[in-house]
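Undergrad: Data file work_28.cif (mmCIF, C-alpha atoms, pLDDT in the B column; chains and numbers go by the auth columns) is appended below.
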```
data_final
loop_
_atom_site.group_PDB
_atom_site.id
_atom_site.type_symbol
_atom_site.label_atom_id
_atom_site.label_comp_id
_atom_site.label_asym_id
_atom_site.label_seq_id
_atom_site.Cartn_x
_atom_site.Cartn_y
_atom_site.Cartn_z
_atom_site.B_iso_or_equiv
_atom_site.auth_seq_id
_atom_site.auth_asym_id
ATOM 1 C CA MET A 1 -2.112 -4.292 5.726 95.00 12 A
ATOM 2 C CA LYS A 2 -5.301 -3.435 3.923 94.00 13 A
ATOM 3 C CA TYR A 3 -5.373 -2.233 0.335 91.00 14 A
ATOM 4 C CA ARG A 4 -7.568 0.758 -0.403 92.00 15 A
ATOM 5 C CA ILE A 5 -7.385 4.258 -1.802 94.00 16 A
ATOM 6 C CA VAL A 6 -7.156 6.722 1.071 96.00 17 A
ATOM 7 C CA PRO A 7 -8.495 10.278 0.522 96.00 18 A
ATOM 8 C CA VAL A 8 -5.254 12.096 1.283 97.00 19 A
ATOM 9 C CA LYS A 9 -4.957 15.613 -0.108 97.00 20 A
ATOM 10 C CA ASN A 10 -3.307 14.526 -3.373 97.00 21 A
ATOM 11 C CA VAL A 11 -6.187 12.163 -4.119 97.00 22 A
ATOM 12 C CA THR A 12 -8.898 14.694 -3.295 97.00 23 A
ATOM 13 C CA ARG A 13 -7.212 17.305 -5.518 97.00 24 A
ATOM 14 C CA LEU A 14 -7.002 14.796 -8.365 97.00 25 A
ATOM 15 C CA LYS A 15 -10.665 13.846 -8.037 97.00 26 A
ATOM 16 C CA ALA A 16 -11.786 17.478 -7.867 98.00 27 A
ATOM 17 C CA ALA A 17 -9.791 18.335 -10.994 98.00 28 A
ATOM 18 C CA GLY A 18 -11.018 15.278 -12.888 97.00 29 A
ATOM 19 C CA ASP A 19 -14.639 15.947 -11.964 98.00 30 A
ATOM 20 C CA ALA A 20 -14.263 19.580 -13.047 98.00 31 A
ATOM 21 C CA LEU A 21 -12.960 18.529 -16.464 98.00 32 A
ATOM 22 C CA ILE A 22 -15.696 15.947 -16.977 97.00 33 A
ATOM 23 C CA GLN A 23 -18.450 18.339 -15.894 97.00 34 A
ATOM 24 C CA ARG A 24 -17.099 21.475 -17.577 97.00 35 A
ATOM 25 C CA ALA A 25 -19.334 23.727 -19.650 96.00 36 A
ATOM 26 C CA PRO A 26 -19.412 23.251 -23.441 93.00 37 A
ATOM 27 C CA GLY A 27 -16.610 25.070 -25.215 92.00 38 A
ATOM 28 C CA MET A 28 -14.308 25.141 -22.197 96.00 39 A
ATOM 29 C CA PRO A 29 -10.818 23.595 -22.485 96.00 40 A
ATOM 30 C CA GLY A 30 -10.680 20.064 -21.149 97.00 41 A
ATOM 31 C CA MET A 31 -7.064 19.015 -20.750 98.00 42 A
ATOM 32 C CA GLY A 32 -5.376 18.354 -17.427 97.00 43 A
ATOM 33 C CA MET A 33 -1.849 17.908 -16.102 97.00 44 A
ATOM 34 C CA ILE A 34 -0.862 15.828 -13.068 97.00 45 A
ATOM 35 C CA TRP A 35 2.762 15.809 -11.973 96.00 46 A
ATOM 36 C CA GLY A 36 5.044 15.018 -9.073 94.00 47 A
ATOM 37 C CA PRO A 37 8.131 13.039 -8.049 92.00 48 A
ATOM 38 C CA THR A 38 8.175 9.255 -8.177 91.00 49 A
ATOM 39 C CA GLY A 39 6.784 7.566 -5.071 91.00 50 A
ATOM 40 C CA TYR A 40 4.098 10.155 -4.407 94.00 51 A
ATOM 41 C CA GLY A 41 1.167 8.043 -5.594 94.00 52 A
ATOM 42 C CA LYS A 42 0.297 9.593 -8.966 95.00 53 A
ATOM 43 C CA THR A 43 -0.221 6.353 -10.872 93.00 54 A
ATOM 44 C CA THR A 44 -2.121 4.614 -8.054 93.00 55 A
ATOM 45 C CA ALA A 45 -4.474 7.559 -7.580 96.00 56 A
ATOM 46 C CA THR A 46 -4.948 8.000 -11.325 96.00 57 A
ATOM 47 C CA THR A 47 -5.723 4.308 -11.835 95.00 58 A
ATOM 48 C CA TRP A 48 -8.358 4.547 -9.121 96.00 59 A
ATOM 49 C CA PHE A 49 -9.956 7.591 -10.733 97.00 60 A
ATOM 50 C CA VAL A 50 -9.834 5.977 -14.181 97.00 61 A
ATOM 51 C CA ASN A 51 -11.917 3.125 -12.776 96.00 62 A
ATOM 52 C CA GLN A 52 -14.314 5.576 -11.155 96.00 63 A
ATOM 53 C CA CYS A 53 -14.993 7.460 -14.392 96.00 64 A
ATOM 54 C CA HIS A 54 -14.563 4.569 -16.870 96.00 65 A
ATOM 55 C CA GLY A 55 -11.660 6.364 -18.459 97.00 66 A
ATOM 56 C CA VAL A 56 -9.199 5.231 -21.115 98.00 67 A
ATOM 57 C CA TYR A 57 -5.735 4.673 -19.608 98.00 68 A
ATOM 58 C CA VAL A 58 -2.539 4.178 -21.585 97.00 69 A
ATOM 59 C CA ARG A 59 1.103 4.337 -20.536 97.00 70 A
ATOM 60 C CA ALA A 60 3.383 6.210 -22.885 97.00 71 A
ATOM 61 C CA MET A 61 6.639 4.607 -23.983 97.00 72 A
ATOM 62 C CA ALA A 62 9.961 6.052 -25.096 95.00 73 A
ATOM 63 C CA MET A 63 9.596 4.564 -28.582 95.00 74 A
ATOM 64 C CA TRP A 64 6.091 5.923 -29.213 97.00 75 A
ATOM 65 C CA SER A 65 5.304 7.417 -32.590 96.00 76 A
ATOM 66 C CA PRO A 66 1.913 8.857 -33.568 96.00 77 A
ATOM 67 C CA LYS A 67 1.057 5.457 -35.062 96.00 78 A
ATOM 68 C CA THR A 68 1.910 3.463 -31.928 96.00 79 A
ATOM 69 C CA MET A 69 0.170 5.985 -29.658 98.00 80 A
ATOM 70 C CA LEU A 70 -2.982 5.821 -31.756 98.00 81 A
ATOM 71 C CA ALA A 71 -2.770 2.022 -31.848 97.00 82 A
ATOM 72 C CA ALA A 72 -2.593 1.936 -28.008 97.00 83 A
ATOM 73 C CA LEU A 73 -5.685 4.135 -27.738 98.00 84 A
ATOM 74 C CA ALA A 74 -7.490 2.068 -30.392 97.00 85 A
ATOM 75 C CA ARG A 75 -6.831 -1.137 -28.419 96.00 86 A
ATOM 76 C CA GLU A 76 -8.260 0.355 -25.239 97.00 87 A
ATOM 77 C CA LEU A 77 -11.340 1.488 -27.165 97.00 88 A
ATOM 78 C CA ASP A 78 -11.772 -1.865 -28.963 96.00 89 A
ATOM 79 C CA LEU A 79 -11.656 -0.148 -32.328 95.00 90 A
ATOM 80 C CA PRO A 80 -12.222 -2.881 -34.937 91.00 91 A
ATOM 81 C CA ALA A 81 -9.589 -3.596 -37.607 91.00 92 A
ATOM 82 C CA ALA A 82 -7.374 -0.828 -36.233 92.00 93 A
ATOM 83 C CA HIS A 83 -4.241 -2.437 -37.708 91.00 94 A
ATOM 84 C CA LYS A 84 -5.623 -1.825 -41.202 94.00 95 A
ATOM 85 C CA LEU A 85 -6.143 1.920 -40.677 96.00 96 A
ATOM 86 C CA ASN A 86 -3.775 4.783 -41.417 96.00 97 A
ATOM 87 C CA ASN A 87 -3.159 7.539 -38.870 97.00 98 A
ATOM 88 C CA ALA A 88 -5.935 9.810 -40.107 97.00 99 A
ATOM 89 C CA GLN A 89 -8.421 6.936 -40.052 97.00 100 A
ATOM 90 C CA LEU A 90 -7.290 5.941 -36.558 97.00 101 A
ATOM 91 C CA VAL A 91 -7.857 9.485 -35.289 98.00 102 A
ATOM 92 C CA GLU A 92 -11.300 9.509 -36.886 97.00 103 A
ATOM 93 C CA GLY A 93 -12.222 6.145 -35.355 97.00 104 A
ATOM 94 C CA ILE A 94 -10.882 7.060 -31.918 98.00 105 A
ATOM 95 C CA VAL A 95 -12.700 10.385 -31.937 98.00 106 A
ATOM 96 C CA GLN A 96 -15.951 8.675 -32.890 97.00 107 A
ATOM 97 C CA ARG A 97 -15.605 6.115 -30.099 97.00 108 A
ATOM 98 C CA LEU A 98 -14.789 8.796 -27.547 97.00 109 A
ATOM 99 C CA THR A 99 -17.626 11.044 -28.697 96.00 110 A
ATOM 100 C CA ASP A 100 -20.116 8.194 -28.415 96.00 111 A
ATOM 101 C CA ALA A 101 -18.928 7.038 -24.979 95.00 112 A
ATOM 102 C CA GLY A 102 -17.718 10.310 -23.439 95.00 113 A
ATOM 103 C CA ARG A 103 -14.729 8.551 -21.864 97.00 114 A
ATOM 104 C CA PRO A 104 -11.806 10.718 -20.716 98.00 115 A
ATOM 105 C CA ILE A 105 -8.241 9.800 -21.745 98.00 116 A
ATOM 106 C CA PHE A 106 -5.358 9.428 -19.276 98.00 117 A
ATOM 107 C CA ILE A 107 -1.777 9.306 -20.578 98.00 118 A
ATOM 108 C CA ASP A 108 0.729 8.137 -17.940 97.00 119 A
ATOM 109 C CA GLU A 109 4.491 8.682 -18.318 96.00 120 A
ATOM 110 C CA ALA A 110 3.579 11.720 -20.412 97.00 121 A
ATOM 111 C CA ASP A 111 7.173 12.962 -20.249 96.00 122 A
ATOM 112 C CA TYR A 112 7.734 10.812 -23.335 96.00 123 A
ATOM 113 C CA VAL A 113 4.830 12.537 -25.110 96.00 124 A
ATOM 114 C CA ILE A 114 5.785 16.162 -24.598 94.00 125 A
ATOM 115 C CA GLU A 115 9.205 15.576 -26.142 89.00 126 A
ATOM 116 C CA ARG A 116 7.578 15.132 -29.553 93.00 127 A
ATOM 117 C CA ARG A 117 5.358 17.839 -30.996 93.00 128 A
ATOM 118 C CA THR A 118 3.598 15.375 -33.315 96.00 129 A
ATOM 119 C CA LEU A 119 2.361 13.418 -30.288 97.00 130 A
ATOM 120 C CA THR A 120 1.074 16.448 -28.388 96.00 131 A
ATOM 121 C CA ASP A 121 -0.526 17.850 -31.536 95.00 132 A
ATOM 122 C CA THR A 122 -2.267 14.521 -32.162 97.00 133 A
ATOM 123 C CA LEU A 123 -3.619 14.454 -28.601 97.00 134 A
ATOM 124 C CA ARG A 124 -4.734 18.053 -28.982 96.00 135 A
ATOM 125 C CA ASP A 125 -6.621 17.112 -32.150 97.00 136 A
ATOM 126 C CA ILE A 126 -8.318 14.211 -30.370 98.00 137 A
ATOM 127 C CA HIS A 127 -9.287 16.511 -27.492 97.00 138 A
ATOM 128 C CA ASP A 128 -10.643 19.215 -29.793 97.00 139 A
ATOM 129 C CA LEU A 129 -12.618 16.856 -32.027 97.00 140 A
ATOM 130 C CA SER A 130 -14.042 14.559 -29.353 97.00 141 A
ATOM 131 C CA THR A 131 -14.376 17.187 -26.568 97.00 142 A
ATOM 132 C CA VAL A 132 -13.503 14.528 -23.949 97.00 143 A
ATOM 133 C CA PRO A 133 -10.947 15.366 -21.248 98.00 144 A
ATOM 134 C CA VAL A 134 -7.330 14.430 -21.988 98.00 145 A
ATOM 135 C CA ILE A 135 -5.209 14.209 -18.834 98.00 146 A
ATOM 136 C CA LEU A 136 -1.410 13.882 -18.859 97.00 147 A
ATOM 137 C CA ILE A 137 0.505 12.372 -15.922 97.00 148 A
ATOM 138 C CA GLY A 138 4.227 13.043 -15.651 96.00 149 A
ATOM 139 C CA MET A 139 7.232 13.556 -13.455 95.00 150 A
ATOM 140 C CA HIS A 140 8.166 16.644 -11.488 91.00 151 A
ATOM 141 C CA GLY A 141 9.309 19.318 -13.931 93.00 152 A
ATOM 142 C CA ILE A 142 7.027 18.360 -16.807 94.00 153 A
ATOM 143 C CA GLU A 143 4.812 21.333 -15.997 92.00 154 A
ATOM 144 C CA LYS A 144 7.735 23.669 -16.772 92.00 155 A
ATOM 145 C CA ARG A 145 8.882 21.875 -19.913 92.00 156 A
ATOM 146 C CA ILE A 146 5.535 22.289 -21.685 92.00 157 A
ATOM 147 C CA ARG A 147 5.231 26.023 -21.032 85.00 158 A
ATOM 148 C CA GLY A 148 6.565 26.858 -24.478 84.00 159 A
ATOM 149 C CA ASN A 149 3.789 24.904 -26.199 88.00 160 A
ATOM 150 C CA GLU A 150 1.035 27.504 -26.097 90.00 161 A
ATOM 151 C CA GLN A 151 -1.316 25.393 -28.206 91.00 162 A
ATOM 152 C CA LEU A 152 -1.176 22.731 -25.483 93.00 163 A
ATOM 153 C CA THR A 153 -0.984 24.820 -22.321 93.00 164 A
ATOM 154 C CA GLY A 154 -3.889 26.980 -23.500 94.00 165 A
ATOM 155 C CA ARG A 155 -6.075 23.883 -23.324 96.00 166 A
ATOM 156 C CA ILE A 156 -4.923 22.723 -19.889 97.00 167 A
ATOM 157 C CA ALA A 157 -7.595 23.854 -17.464 97.00 168 A
ATOM 158 C CA GLN A 158 -6.544 21.779 -14.452 97.00 169 A
ATOM 159 C CA TRP A 159 -3.018 21.569 -13.007 97.00 170 A
ATOM 160 C CA VAL A 160 -2.557 19.118 -10.117 97.00 171 A
ATOM 161 C CA ALA A 161 0.791 18.901 -8.317 96.00 172 A
ATOM 162 C CA PHE A 162 1.334 15.799 -6.180 96.00 173 A
ATOM 163 C CA GLY A 163 3.275 16.836 -3.108 94.00 174 A
ATOM 164 C CA GLY A 164 4.508 15.125 0.010 95.00 175 A
ATOM 165 C CA LEU A 165 2.074 13.900 2.640 97.00 176 A
ATOM 166 C CA ASP A 166 1.702 15.844 5.867 97.00 177 A
ATOM 167 C CA LEU A 167 1.078 14.315 9.287 97.00 178 A
ATOM 168 C CA GLU A 168 -2.691 14.494 8.814 97.00 179 A
ATOM 169 C CA ASP A 169 -2.356 12.455 5.622 98.00 180 A
ATOM 170 C CA ALA A 170 -0.028 10.007 7.370 98.00 181 A
ATOM 171 C CA SER A 171 -2.592 9.533 10.129 98.00 182 A
ATOM 172 C CA LEU A 172 -5.300 8.829 7.541 97.00 183 A
ATOM 173 C CA LEU A 173 -3.063 6.199 5.940 97.00 184 A
ATOM 174 C CA SER A 174 -2.285 4.585 9.274 98.00 185 A
ATOM 175 C CA LEU A 175 -5.939 4.370 10.325 97.00 186 A
ATOM 176 C CA ALA A 176 -7.094 3.090 6.936 97.00 187 A
ATOM 177 C CA LEU A 177 -4.329 0.622 6.082 97.00 188 A
ATOM 178 C CA ALA A 178 -2.584 -0.648 9.212 97.00 189 A
ATOM 179 C CA GLU A 179 -4.273 -3.447 11.131 97.00 190 A
ATOM 180 C CA VAL A 180 -2.585 -2.523 14.395 98.00 191 A
ATOM 181 C CA GLN A 181 -2.880 0.740 16.306 98.00 192 A
ATOM 182 C CA ILE A 182 0.207 2.940 15.900 98.00 193 A
ATOM 183 C CA ASP A 183 0.706 5.766 18.373 97.00 194 A
ATOM 184 C CA ASP A 184 1.298 9.362 17.290 97.00 195 A
ATOM 185 C CA ALA A 185 4.956 9.494 18.349 98.00 196 A
ATOM 186 C CA LEU A 186 5.917 6.450 16.283 98.00 197 A
ATOM 187 C CA LEU A 187 3.913 7.730 13.319 98.00 198 A
ATOM 188 C CA ARG A 188 5.689 11.115 13.514 97.00 199 A
ATOM 189 C CA THR A 189 9.050 9.340 13.537 97.00 200 A
ATOM 190 C CA LEU A 190 8.069 7.308 10.472 97.00 201 A
ATOM 191 C CA HIS A 191 6.796 10.459 8.737 97.00 202 A
ATOM 192 C CA ASP A 192 10.127 12.204 9.357 95.00 203 A
ATOM 193 C CA LYS A 193 12.086 9.234 8.001 95.00 204 A
ATOM 194 C CA ALA A 194 9.844 9.057 4.908 96.00 205 A
ATOM 195 C CA SER A 195 10.313 12.757 4.119 94.00 206 A
ATOM 196 C CA PRO A 196 13.168 13.601 1.720 90.00 207 A
ATOM 197 C CA LYS A 197 15.546 16.294 2.898 83.00 208 A
ATOM 198 C CA GLY A 198 14.289 19.633 1.642 69.00 209 A
ATOM 199 C CA GLY A 199 10.971 18.092 0.601 73.00 210 A
ATOM 200 C CA ASP A 200 7.476 19.293 1.413 83.00 211 A
ATOM 201 C CA GLY A 201 6.358 16.104 3.160 93.00 212 A
ATOM 202 C CA ALA A 202 6.608 12.337 3.132 96.00 213 A
ATOM 203 C CA GLU A 203 6.649 9.991 0.148 95.00 214 A
ATOM 204 C CA VAL A 204 3.487 7.904 0.199 96.00 215 A
ATOM 205 C CA ARG A 205 5.382 4.822 -1.023 95.00 216 A
ATOM 206 C CA ARG A 206 7.834 4.959 1.859 96.00 217 A
ATOM 207 C CA LEU A 207 5.054 5.660 4.355 97.00 218 A
ATOM 208 C CA VAL A 208 3.166 2.555 3.237 96.00 219 A
ATOM 209 C CA VAL A 209 6.329 0.427 3.376 96.00 220 A
ATOM 210 C CA GLY A 210 7.045 1.751 6.861 97.00 221 A
ATOM 211 C CA LEU A 211 3.502 1.118 8.076 98.00 222 A
ATOM 212 C CA ALA A 212 3.743 -2.458 6.820 97.00 223 A
ATOM 213 C CA ALA A 213 7.049 -2.911 8.650 97.00 224 A
ATOM 214 C CA ILE A 214 5.573 -1.587 11.909 97.00 225 A
ATOM 215 C CA GLU A 215 2.499 -3.775 11.551 97.00 226 A
ATOM 216 C CA GLY A 216 4.614 -6.852 10.810 96.00 227 A
ATOM 217 C CA TYR A 217 6.834 -6.196 13.822 97.00 228 A
ATOM 218 C CA ALA A 218 3.827 -5.799 16.117 97.00 229 A
ATOM 219 C CA ARG A 219 1.988 -8.844 14.763 96.00 230 A
ATOM 220 C CA ALA A 220 5.079 -11.054 15.122 96.00 231 A
ATOM 221 C CA ARG A 221 5.018 -10.219 18.817 96.00 232 A
ATOM 222 C CA GLY A 222 1.274 -10.678 19.270 96.00 233 A
ATOM 223 C CA ARG A 223 0.591 -6.981 19.735 96.00 234 A
ATOM 224 C CA GLU A 224 -2.462 -5.038 18.552 97.00 235 A
ATOM 225 C CA GLU A 225 -0.943 -1.695 19.530 97.00 236 A
ATOM 226 C CA ILE A 226 2.571 -0.344 19.167 98.00 237 A
ATOM 227 C CA GLY A 227 4.274 2.864 20.267 97.00 238 A
ATOM 228 C CA LEU A 228 7.604 4.568 19.828 97.00 239 A
ATOM 229 C CA ALA A 229 8.942 2.939 22.997 96.00 240 A
ATOM 230 C CA ASP A 230 8.216 -0.500 21.503 97.00 241 A
ATOM 231 C CA TRP A 231 10.123 0.137 18.271 97.00 242 A
ATOM 232 C CA PRO A 232 13.798 -0.863 18.545 95.00 243 A
ATOM 233 C CA LYS A 233 16.129 2.122 18.560 92.00 244 A
ATOM 234 C CA GLY A 234 17.908 2.466 15.238 90.00 245 A
ATOM 235 C CA ARG A 235 15.742 -0.092 13.451 94.00 246 A
ATOM 236 C CA ASP A 236 15.124 0.872 9.824 95.00 247 A
ATOM 237 C CA PHE A 237 11.495 1.253 8.700 96.00 248 A
ATOM 238 C CA PHE A 238 12.287 0.407 5.093 93.00 249 A
ATOM 239 C CA LEU A 239 14.938 -2.340 4.942 82.00 250 A
ATOM 240 C CA GLY A 240 13.079 -5.230 6.521 62.00 251 A
ATOM 241 C CA GLU A 241 13.882 -7.419 9.521 53.00 252 A
ATOM 242 C CA ALA A 242 16.578 -9.503 7.851 43.00 253 A
ATOM 243 C CA VAL A 243 18.941 -6.555 7.403 39.00 254 A
ATOM 244 C CA ALA A 244 17.764 -4.211 10.149 39.00 255 A
ATOM 245 C CA ARG A 245 20.111 -3.476 13.023 39.00 256 A
ATOM 246 C CA GLY A 246 19.108 -3.334 16.638 38.00 257 A
ATOM 247 C CA GLY A 247 16.034 -5.567 16.260 40.00 258 A
ATOM 248 C CA ARG A 248 14.733 -7.776 19.000 39.00 259 A
#
```
For the structure just supplied, provide its representation as structure tokens.
TA:
Amino acid sequence: MKYRIVPVKNVTRLKAAGDALIQRAPGMPGMGMIWGPTGYGKTTATTWFVNQCHGVYVRAMAMWSPKTMLAALARELDLPAAHKLNNAQLVEGIVQRLTDAGRPIFIDEADYVIERRTLTDTLRDIHDLSTVPVILIGMHGIEKRIRGNEQLTGRIAQWVAFGGLDLEDASLLSLALAEVQIDDALLRTLHDKASPKGGDGAEVRRLVVGLAAIEGYARARGREEIGLADWPKGRDFFLGEAVARGGR
């Protein structure tokens, strides 16, 4: 399997939203919200975009306080002698660094942040004073839980929901990542198995695991192509050969 970022719809929506925030007109709000269930590729896509735009990426933690959040941002910005500064001085130093460099901030696991008003207010201050984009990444449901914070939601100009992958996305993944040719019928079967019941499409994590399993099965048998008829009936795409039933 190859490793690369594939421009599925979630990724293209993320890039479009990030570009819009970075290129927005002066005076326009510059916060963003990315959310979706686990396994749908939020962190992988965000990490890729952070590298593209030279952003500042930090992962929130359950024990964060304003001091520890500011210290995490200061480390990423190489703020000198940050451990000697109080919170107000840290905000001032971070804002100055961001203003000089124009680097957007990305806060992953932002569910921990929105639970504490002091954290969201501090991020709002940093956004307002530096004018750089501040983008929060969280789990499905975070977009509803912040609705009561009008000071925050009024600044969120881009809302990006990560949904399940459709068959077109699955085909893009197969062509870009798998090093064997997988026919449409087998890919559709994998897509169905990787789609949660009642969901809007397949989980990207399970699709990638399944593609790797198909590729490994084909390679072990010296095949460069594989179809549904070649895949053992009842064999699991996600458990691996050692525990799969019906393999051959």
Undergrad: Choose the residue, out of A:Thr58, A:Gln162, A:Gly245, A:Leu178, that has the smallest atom-to-atom separation from A:Lys26; count only C-alpha atoms.
TA: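 The closest residue to A:Lys26 is A:Thr58.
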Undergrad: Can you pull out every residue within 12 Å of A:Met80, counting only C-alpha atoms, but drop anything in the same chain fewer than 2 positions away, and send it as a PyMOL selection string?
TA: chain A and resi 68-78+82-87+98+101-102+105+118-119+121+123-124+127+129-131+133-134+137
Undergrad: Given the file above and the PyMOL selection byres ((chain A and resi 224) around 10), which residues are selected, and can you give them as a VMD selection string?
TA: chain A and resid 12 189 218 to 223 225 to 230 247 to 252
Undergrad: Nearest to A:Ala181 among A:Glu154, A:Glu235, A:Glu214, A:Asp136, with distances taken over all atoms listed in the file: which residue is it?
TA: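 The closest residue to A:Ala181 is A:Glu214.
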Undergrad: What is the atom CA of A:Met42-atom CA of A:Ala168 distance in Å, reported with one decimal?
TA: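 Computed distance, atom CA of A:Met42 to atom CA of A:Ala168, equals 5.9 Å.
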Undergrad: To test your reading of the syntax: which residues would the PyMOL selection byres ((chain A and resi 153) around 9) return for the file shown? Reply as a VMD selection string.
TA: chain A and resid 44 46 to 47 121 to 122 125 148 to 152 154 to 158
Undergrad: Could you jot down the atom CA of A:Gly212 to atom CA of A:Asp177 separation for me, Å, one decimal place?
TA: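 Atom CA of A:Asp177 lies 5.4 Å from atom CA of A:Gly212.
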Undergrad: Can you tell me, as a PyMOL selection string, what residues are no more than 9 Å from A:Glu236 when counting all atoms listed in the file, ignoring any on the same chain fewer than 2 positions away?
TA: chain A and resi 191-194+226+229+234+238
Undergrad: Selection in question (the file shown): the PyMOL selection byres ((chain A and resi 202) around 7). Which residues does it include, as a ChimeraX atom specification?
TA: /A:178,181,198-201,203-206,213,218
Undergrad: How big is the axis-aligned box around all listed atoms of stretch 238-241 of chain A once 6 Å goes on each side, and where's its centre, in Å to one decimal, as AutoDock Vina command-line options?
TA:
```
--center_x 6.6 --center_y 2.0 --center_z 21.4 --size_x 16.7 --size_y 17.1 --size_z 15.2
```
Undergrad: From the list A:Asp195, A:Asp211, A:Asp89, A:Asp180, which residue is nearest A:Thr23 when using only C-alpha atoms?
TA: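 For A:Thr23, the nearest of the candidates is A:Asp180.
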Undergrad: Rounded to one decimal, what separation in Å do you get between atom CA of A:Arg232 and atom CA of A:Glu190?
TA: 13.8 Å
Undergrad: From the list A:Val215, A:Leu163, A:Val145, A:Leu96, which residue is nearest A:Lys53 when using all atoms listed in the file?
TA: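 Closest residue, counting all atoms listed in the file: A:Val215.
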Undergrad: Pick the closest to A:Tyr51 from A:Lys95, A:Arg15, A:Lys20, A:His138: which is it, counting all atoms listed in the file?
TA: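 The closest residue to A:Tyr51 is A:Lys20.
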Undergrad: When you count only C-alpha atoms, which of these residues is closest to A:Gly52: A:Asn160, A:Leu197, A:Ile167, A:Asn21?
TA: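 Closest candidate: A:Asn21.
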